Amino acid sequence: MVKKAFGYTFLYLVLLLTYVPIFVLIVFSFTNTTYIGDWNGFSLELFGRLFQDEEIMIALGNTVIIAIISAFVSTLLGALGAIGAFYSRKRNRAILENLNQIPVVNAEIVMALSLVVMFVFIGNTIFHEQIFSFWTLLAGHVVISVPFVYLNVKPRLQQMDPALYEAALDLGCSPRKALSKVMVPQLLPGIMSGFLLAITLSLDDFIVTAFTRGPGLLSGENTIETLSTLVQAKIKKGPIPPEMRALTTIIFIVVLVAVILITIYQNKNRRKIRKGRDY
């Protein structure tokens, strides 16, 4: 009984420490004061100023574009890599899985420095100029996201009947059709969770972004700014712009709605599967 009470207390304490700062930001996004703690009456002024702030809008656009593109590329590579490793020989599969673990267990600063060294070497030896741009930033985000997509797809492969693919081939499907019509629907939950995780990893990444970014995207000839790098730059100069509190509230609501919709969709699918089994 004491252990159970201690466990619940610890859990609620962690949840409290996690969500209280978020709720504080949300509450103070509805007042136009610069500093949190000074309440100047209810106001939606920050939300209006947010969409008029070109610097924040550019950073937000860059962040979303990079997250979506890197998530698509990472999901494609991670899912195909998981399928390829699953149908490989045991020794080859073990090698691939061990290699996949390296970016997961390594410190992100190590990955960032490794990427910088590689890009500098390629730029100096092949292109004879610096190559840091949107493409190097995209490559960095893909590198940190692919292993997590792989880990999300792998359990679905282990749960799936390995004879399904071979049965589809025996029934006349081409390898590509068997992959798209048989395997992908079975792996879709793992692929979708990997895609969402890749977006999350890209959205809140700072270290790899700071090391691998260059000019491009909505920033034009200037160095790409994302939300994480913009906040870090603002902290150096002074207080974070109060408009960022309004942006935090919008992001929180969007994520909350997305989680609710995904949960509803998954529950409906589970009910359909249960009804099919009952029949």
# chains A, B, ... in the order shown; residues from 1 in each chain; ligands from 1
call {"tool": "residues_around", "arguments": {"residues": "stretch 193-206 of chain A", "least_positions_apart": "4", "cutoff": "6 Å", "atoms": "only C-alpha atoms", "output": "PyMOL selection string"}}
result
chain A and resi 67+71+75+145+149+152+210+228
call {"tool": "write_last_selection", "arguments": {"atoms": "all heavy atoms", "output": "PDB file, in the first residue's frame"}}
result
ATOM      1  N   ALA A  67      10.180  19.933 -40.941  1.00  0.00           N
ATOM      2  CA  ALA A  67       9.624  18.802 -40.194  1.00  0.00           C
ATOM      3  C   ALA A  67       8.848  17.866 -41.108  1.00  0.00           C
ATOM      4  O   ALA A  67       9.004  16.632 -41.036  1.00  0.00           O
ATOM      5  CB  ALA A  67       8.727  19.310 -39.071  1.00  0.00           C
ATOM      6  N   ALA A  71      10.217  14.234 -42.166  1.00  0.00           N
ATOM      7  CA  ALA A  71       9.398  13.125 -41.670  1.00  0.00           C
ATOM      8  C   ALA A  71       9.033  12.174 -42.802  1.00  0.00           C
ATOM      9  O   ALA A  71       9.064  10.944 -42.630  1.00  0.00           O
ATOM     10  CB  ALA A  71       8.140  13.659 -40.995  1.00  0.00           C
ATOM     11  N   THR A  75      10.439   8.461 -42.794  1.00  0.00           N
ATOM     12  CA  THR A  75       9.467   7.364 -42.741  1.00  0.00           C
ATOM     13  C   THR A  75       9.695   6.384 -43.877  1.00  0.00           C
ATOM     14  O   THR A  75       9.639   5.165 -43.688  1.00  0.00           O
ATOM     15  CB  THR A  75       8.033   7.926 -42.800  1.00  0.00           C
ATOM     16  OG1 THR A  75       7.845   8.838 -41.724  1.00  0.00           O
ATOM     17  CG2 THR A  75       7.016   6.807 -42.692  1.00  0.00           C
ATOM     18  N   SER A 145      16.102  10.979 -37.242  1.00  0.00           N
ATOM     19  CA  SER A 145      14.723  10.488 -37.212  1.00  0.00           C
ATOM     20  C   SER A 145      14.579   9.054 -37.713  1.00  0.00           C
ATOM     21  O   SER A 145      13.722   8.309 -37.216  1.00  0.00           O
ATOM     22  CB  SER A 145      13.819  11.399 -38.056  1.00  0.00           C
ATOM     23  OG  SER A 145      13.822  12.715 -37.562  1.00  0.00           O
ATOM     24  N   VAL A 149      11.952   5.756 -36.566  1.00  0.00           N
ATOM     25  CA  VAL A 149      10.936   5.179 -37.456  1.00  0.00           C
ATOM     26  C   VAL A 149      11.153   3.667 -37.561  1.00  0.00           C
ATOM     27  O   VAL A 149      10.197   2.892 -37.496  1.00  0.00           O
ATOM     28  CB  VAL A 149      11.002   5.832 -38.844  1.00  0.00           C
ATOM     29  CG1 VAL A 149      10.010   5.155 -39.792  1.00  0.00           C
ATOM     30  CG2 VAL A 149      10.712   7.325 -38.757  1.00  0.00           C
ATOM     31  N   ASN A 152       9.800   1.903 -34.623  1.00  0.00           N
ATOM     32  CA  ASN A 152       8.345   1.874 -34.574  1.00  0.00           C
ATOM     33  C   ASN A 152       7.762   0.845 -35.526  1.00  0.00           C
ATOM     34  O   ASN A 152       6.713   0.251 -35.246  1.00  0.00           O
ATOM     35  CB  ASN A 152       7.782   3.259 -34.913  1.00  0.00           C
ATOM     36  CG  ASN A 152       7.681   4.170 -33.709  1.00  0.00           C
ATOM     37  OD1 ASN A 152       6.702   4.157 -32.980  1.00  0.00           O
ATOM     38  ND2 ASN A 152       8.716   4.935 -33.476  1.00  0.00           N
ATOM     39  N   ALA A 210      21.259  23.788 -35.287  1.00  0.00           N
ATOM     40  CA  ALA A 210      22.238  24.865 -35.122  1.00  0.00           C
ATOM     41  C   ALA A 210      23.560  24.551 -35.819  1.00  0.00           C
ATOM     42  O   ALA A 210      24.232  25.461 -36.323  1.00  0.00           O
ATOM     43  CB  ALA A 210      22.480  25.113 -33.634  1.00  0.00           C
ATOM     44  N   SER A 228      13.334  26.911 -32.649  1.00  0.00           N
ATOM     45  CA  SER A 228      14.296  26.645 -31.569  1.00  0.00           C
ATOM     46  C   SER A 228      15.491  27.583 -31.643  1.00  0.00           C
ATOM     47  O   SER A 228      15.941  28.125 -30.617  1.00  0.00           O
ATOM     48  CB  SER A 228      14.765  25.188 -31.634  1.00  0.00           C
ATOM     49  OG  SER A 228      15.383  24.908 -32.887  1.00  0.00           O
TER      50      SER A 228
END
call {"tool": "residues_around", "arguments": {"residues": "stretch 250-252 of chain A", "least_positions_apart": "5", "cutoff": "12 Å", "atoms": "only C-alpha atoms", "output": "list in words"}}
result
Tyr19, Ile22, Phe23, Leu25, Ile26, Ser29, Phe30, Leu46, Phe47, Leu50, Phe51, Leu60, Val64, Thr200, Leu203, Asp204, Leu227, Glu243, Met244, Arg245, Val257, Ala258 and Val259 of chain A
call {"tool": "residues_around", "arguments": {"residues": "stretch 220-226 of chain A", "least_positions_apart": "2", "cutoff": "10 Å", "atoms": "only C-alpha atoms", "output": "PyMOL selection string"}}
result
chain A and resi 55-64+66+132-134+137+203-206+209-210+212-218+228-233
call {"tool": "write_last_selection", "arguments": {"atoms": "C-alpha atoms", "output": "PDB file, in the first residue's frame"}}
result
ATOM      1  CA  GLU A  55      10.501  36.982 -38.021  1.00  0.00           C
ATOM      2  CA  ILE A  56       8.418  34.482 -36.056  1.00  0.00           C
ATOM      3  CA  MET A  57       6.314  33.575 -39.107  1.00  0.00           C
ATOM      4  CA  ILE A  58       9.434  32.849 -41.177  1.00  0.00           C
ATOM      5  CA  ALA A  59      10.875  30.703 -38.385  1.00  0.00           C
ATOM      6  CA  LEU A  60       7.555  28.865 -38.012  1.00  0.00           C
ATOM      7  CA  GLY A  61       7.318  28.267 -41.755  1.00  0.00           C
ATOM      8  CA  ASN A  62      10.882  26.947 -41.913  1.00  0.00           C
ATOM      9  CA  THR A  63      10.252  24.671 -38.940  1.00  0.00           C
ATOM     10  CA  VAL A  64       7.056  23.183 -40.382  1.00  0.00           C
ATOM     11  CA  ILE A  66      11.633  20.976 -42.606  1.00  0.00           C
ATOM     12  CA  PHE A 132      25.734  24.214 -45.582  1.00  0.00           C
ATOM     13  CA  SER A 133      22.169  24.867 -46.722  1.00  0.00           C
ATOM     14  CA  PHE A 134      18.657  23.506 -46.450  1.00  0.00           C
ATOM     15  CA  LEU A 137      19.874  20.627 -42.475  1.00  0.00           C
ATOM     16  CA  LEU A 203      10.104  20.304 -34.596  1.00  0.00           C
ATOM     17  CA  ASP A 204      11.924  20.519 -31.264  1.00  0.00           C
ATOM     18  CA  ASP A 205      15.482  19.828 -32.459  1.00  0.00           C
ATOM     19  CA  PHE A 206      18.052  22.510 -31.712  1.00  0.00           C
ATOM     20  CA  THR A 209      19.746  22.368 -36.545  1.00  0.00           C
ATOM     21  CA  ALA A 210      22.238  24.865 -35.122  1.00  0.00           C
ATOM     22  CA  THR A 212      23.963  21.941 -39.954  1.00  0.00           C
ATOM     23  CA  ARG A 213      21.831  24.885 -41.111  1.00  0.00           C
ATOM     24  CA  GLY A 214      22.719  27.330 -43.851  1.00  0.00           C
ATOM     25  CA  PRO A 215      20.913  29.822 -46.095  1.00  0.00           C
ATOM     26  CA  GLY A 216      17.683  28.831 -47.809  1.00  0.00           C
ATOM     27  CA  LEU A 217      13.943  28.240 -47.540  1.00  0.00           C
ATOM     28  CA  LEU A 218      11.880  31.222 -46.343  1.00  0.00           C
ATOM     29  CA  SER A 228      14.296  26.645 -31.569  1.00  0.00           C
ATOM     30  CA  THR A 229      17.185  28.704 -32.967  1.00  0.00           C
ATOM     31  CA  LEU A 230      15.072  31.878 -32.905  1.00  0.00           C
ATOM     32  CA  VAL A 231      14.198  31.424 -29.213  1.00  0.00           C
ATOM     33  CA  GLN A 232      17.849  30.775 -28.392  1.00  0.00           C
ATOM     34  CA  ALA A 233      18.895  33.929 -30.255  1.00  0.00           C
TER      35      ALA A 233
END
call {"tool": "closest_residue", "arguments": {"among": "A:Leu96, A:Ala178, A:Val2, A:Met118", "to": "A:Ile131", "atoms": "only C-alpha atoms"}}
result
A:Met118
call {"tool": "closest_residue", "arguments": {"among": "A:Leu115, A:Leu188, A:Val110, A:Ala82", "to": "A:Pro147", "atoms": "only C-alpha atoms"}}
result
A:Ala82
call {"tool": "atom_distance", "arguments": {"atom1": "atom CA of A:Gly41", "atom2": "atom CA of A:Pro239"}}
result
20.4 Å
call {"tool": "atom_distance", "arguments": {"atom1": "atom CA of A:Gln186", "atom2": "atom CA of A:Leu157"}}
result
8.3 Å
call {"tool": "select_by_dssp", "arguments": {"residues": "stretch 26-69 of chain A", "states": "alpha helix (DSSP H)", "output": "compact mmCIF listing (two decimals) with C-alpha atoms, in the first residue's frame"}}
result
# COMPACT_ATOMS: atom_id res chain seq x y z
CA ILE A 26 -1.10 29.41 -21.95
CA VAL A 27 -2.68 31.58 -19.24
CA GLU A 45 -3.57 41.20 -28.60
CA LEU A 46 -0.63 38.75 -28.61
CA PHE A 47 -2.40 36.48 -31.11
CA GLY A 48 -2.89 39.40 -33.49
CA ARG A 49 0.70 40.55 -33.10
CA LEU A 50 1.93 36.98 -33.62
CA PHE A 51 0.71 36.79 -37.21
CA GLN A 52 2.13 40.25 -37.93
CA GLU A 54 7.50 38.43 -39.87
CA GLU A 55 10.50 36.98 -38.02
CA ILE A 56 8.42 34.48 -36.06
CA MET A 57 6.31 33.58 -39.11
CA ILE A 58 9.43 32.85 -41.18
CA ALA A 59 10.87 30.70 -38.38
CA LEU A 60 7.55 28.86 -38.01
CA GLY A 61 7.32 28.27 -41.76
CA ASN A 62 10.88 26.95 -41.91
CA THR A 63 10.25 24.67 -38.94
CA VAL A 64 7.06 23.18 -40.38
CA ILE A 65 8.49 22.69 -43.89
CA ILE A 66 11.63 20.98 -42.61
CA ALA A 67 9.62 18.80 -40.19
CA ILE A 68 7.18 17.57 -42.85
CA ILE A 69 9.80 16.89 -45.55
call {"tool": "closest_residue", "arguments": {"among": "A:Val208, A:Thr136, A:Val182, A:Arg270", "to": "A:Gly123", "atoms": "only C-alpha atoms"}}
result
A:Thr136
